[in-house]
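Chemist: Can you read through this structure? Questions will come right after.
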Amino acid sequence: MKDDEFYYPSEEVVKNANIQNYEKVYKEAAKDPVKFWEKAAKDLTWQKKWTKTFDDSKKPFYSWFVNGKCNIFDNALERHQKTATRGKIAILWEGENGDKRKLTYKELYNEVNKFAAVLKNMGVEKGDRVAVYLSNIPEVAITMLACVKIGAIHSVVYAGFSAQALRKRIKDAQAKIVVTVDWSYRRGKVICLKKIVDEALQEDCESISHSIVVNHGKEKVDFSSPRDVWYHELMKKKLPVPKTEVMDAEDPAFILYTSGTTGTPKGVVHAHGGYMVGVYRTIKWVFDLKENDVYWCTADPGWITGHSYIVYGPLMAGVTTIQYEGVPDFPQEDRIWEMVSRYKVNVLYTAPTLIRLMAKYGDDLPAKHDMSSLRILGSVGEPINPEAWKWYYEHIGKNRCPIMDTWWQTETGMNIITPLPPVPLKAGSAYRPFPGIIADVVDKDGKSVEVGKGGFLVIKGSWPAQLKTLYHNPQRYIKTYYDKIPGGMYLTGDLATKDKDGYFWIQGRADDVLSISGHRISNAEIESAIVSHEAVSEAGVIGKPHPVKGEIAKAFVILKSGFKGSEELIKEIKLHIRKTIGPLAVTEEIEFVEKLPKTRSGKIMRRVLRAKELGEELGDTSTLED
Ligand code: WT7
């Protein structure tokens with residue numbers, strides 16, 4: 001970490017930024033965050049104005065825009081119908097094989113209204129849950145927006161999760177409908193998502209009445225269940241457009257499952273009002289979106305990044321958002337740069353793992369393409385190492401595009417610690433909290449640590465897009481975020497330091513959560529998948545640094561008596577993980593061992609496993625049993 005080298009924005013960036021006089025804005029927002037957010041909320045459309053901006057009487061369950069009535073659909077689509085934006089392209093979709101689709105704001109609006117009518121007609125009511133298991137195609141956005149329009153709660157499950165993982169989430173949310181697609185495309189392969197859904201629905205999913213299937217591929221799929229219906233057939237029906245539901249600002253808009261430190265995923269709940277305010281304000285200021293921008297966030301809609309910054313954020317801002325179904329280095333390694341140049345992308349938001357991969361492919365690849373359209377770059381998902389940051393800055397941004405290294409989480413809903421285009425940057429630092437947010441680095445007693453010292457990253461008070469709760473598990477909400485350190489602060493689970501200039505440097509997770517290529521997955525989830533294999537008795541999973549993926553998982557496995565470790569068995573266990581959680585969790589390394597280090601109470605000490613594996617000091621081993 002080099003904390004005294006600044007990268008200054010150009011005069012042009014400062015002059016044209018949506019945020020002006022940022023130092024003044026920061027100061028005023030710090031003095032009165034509620035006033036700051038109240039002002040931000042006024043940039044959006046409300047069906048009825050709130051009576052109280054912020055209420056902490058039931059903390060840590062905070063309320064924003066109390067008694068306000070709104071619907072995020074109004075802000076993402078309805079309000080653009082009255083302006084010239086309606087004719088503009090909302091979604092530019094491209095498939096890996098080069099197929100293309102374009103939807104204007106008007107066309108997207110019509111599709112969403114039609115699909116909202118379909119859902120309503122199938123009995124979906126306000127408050128009902130709809131599971132979404134789609135690839136990165138426009139129907140994800142259509143489904144999400146159709147749900148929120150009628151007040152239904154969507155639960156998007158990333159298509160890299162297995163049938164079992166999908167089943168768990170459908171069951172937990174008691175979803176009425178699942179929306180999926182026949183085939184999806186990835187690295188030249190076709191994957192039958194419909195088949196995965198069928199497998200998920202074999203057990204424990206009685207709540208599902210219908211599986212709506214988007215026809216996207218050419219190959220046939222099994223359609224024998226009476227529950228299966230084609231999306232395009234349903235969309236042919238002439239149905240009256242339902243009214244946009246009047247939602248309370250605090251009513252849930254969606255659930256998104258994420259990994260905690262235990263094996264069971266957490267259903268993070270976000271509500272209409274605060275979420276839309278936080279996402280809109282951040283996308284306008286951090287990514288500095290202008291009316292005619294082409295914006296590309298390379299994440300998948302199945303993650304929070306996709307929810308906030310592929311679907312809701314860009315649509316609320318009325319820009320053109322790119323959806324690309326496929327991997328960015330296929331069929332050519334420079335696919336991503338070729339697309340940036342072809343679509344004249346102005347703002348690119350991607351992840352450190354991809355930046356490192358691209359840097360590995362070489363400097364000459366981006367140099368082949370005219371990427372002069374780029375104005376702002378973004379990074380998210382894991383700490384960006386200074387080397388990758390500098391490569392991105394130099395070879396992609398040509399030393400003139402500021403990099404917005406945005407730190408946030410599924411739970412925060414919006415960027416929390418992030419630079420703004422006019423601020424001086426440091427390579428590898430996520431700068432300071434967004435205006436109106438108070439973050440700090442504290443020790444286990446909740447006391448601020450000194451400059452340069454490591455500690456727990458916390459957020460004090462609330463922010464508009466804060467999760468409301470964990471779905472039907474408010475105790476776990478309190479336990480996870482508010483019970484571990486004193487002082488009533490939101491515990492993020494990350495470690496950080498603050499330097500002498502007040503810049504935050506995020507160091508990674510403090511808890512047992514891994515970040516593999518920026519995908520969040522817990523050690524415990526992988527361990528429980530491994531021990532559910534018939535040959536395994538116990539398993540301990542650790543993260544190991546990896547030059548491209550940031551981190552990979554390694555498992556230490558004790559076999560049941562009668563089983564012998566072999567290459568074959570390693571393959572089998574990997575396949576088993578793939579089936580239980582999904583390809584994103586497949587453990588790169590598996591080692592068979594006789595014993596695992598444990599505490600006297602029987603908990604596997606992953607810290608000790610990791611230290612041994614990486615040849616580091618063992619640290620405090622006083623609680624070690626053996
Ligand atoms: C965790 C949240 C919301 C973004 C997608 C991931 C890590 C995220 C950064 C960053 C360092 C980062 C943290 C965080 N993380 N962005 N810019 N610098 N670390 O959302 O799956 O909820 O994961 O991702 O560890 O806690 P998520």
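We label chains A, B, ... in the order they appear in the structure tokens, count residues from 1 in each chain, and number ligands from 1 in the order shown.
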Pick out the residues sitting within 9 Å of A:Ser372, and hand them over as a ChimeraX atom specification; count only C-alpha atoms, and ignore anything fewer than 6 positions along from it in its own chain.
Modeler: /A:341,344-346,397-398
Chemist: Counting only C-alpha atoms and all ligand atoms, which protein, DNA or RNA residues come within 7 Å of ligand 1, given as a list in words?
Modeler: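 Going residue by residue within 7 Å of ligand 1, we get Thr258, Trp303, Ile304, Thr305, Ser379, Val380, Gly381, Glu382, Pro383, Ile384, Asp405, Thr406, Trp407, Trp408, Gln409, Thr410, Glu411, Ala430, Thr492, Gly493, Asp494, Ile506, Gln507, Gly508, Arg509, Ser515, Gly518, His519 and Arg520 of chain A.
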Chemist: Taking into account only C-alpha atoms, which residue in the set A:Lys571, A:Arg129, A:Lys426, A:Lys168 is nearest to A:Asp499?
Modeler: A:Lys426
Chemist: Report as number ranges by chain all protein, DNA and RNA residues lying within 12 Å of A:Asp56, evaluated on only C-alpha atoms, omitting residues in the same chain fewer than 3 positions from it.
Modeler: A: 34, 52-53, 59-66, 461-463, 488
Chemist: For a quick check of understanding, using only C-alpha atoms, which of A:Gly487, A:Pro547, A:Pro435, A:Gly306 has the smallest distance to A:Met358?
Modeler: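 Using only C-alpha atoms, A:Met358 sits closest to A:Pro547.
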Chemist: Considering only C-alpha atoms, return as an MDAnalysis selection string whatever protein or nucleic-acid residues lie within 7 Å of A:Ala271, sequence-local ones (same chain, fewer than 4 positions apart) excluded.
Modeler: chainID A and resid 249:254 275 468
Chemist: Would you mind telling me which residue in A:Leu193, A:Val451, A:Ala41, A:Ala524 lies nearest to A:Gly502 when using only C-alpha atoms?
Modeler: A:Val451
Chemist: Closest to A:Val140 among A:Val178, A:Val14, A:Val458, A:Val311, using only C-alpha atoms?
Modeler: A:Val311
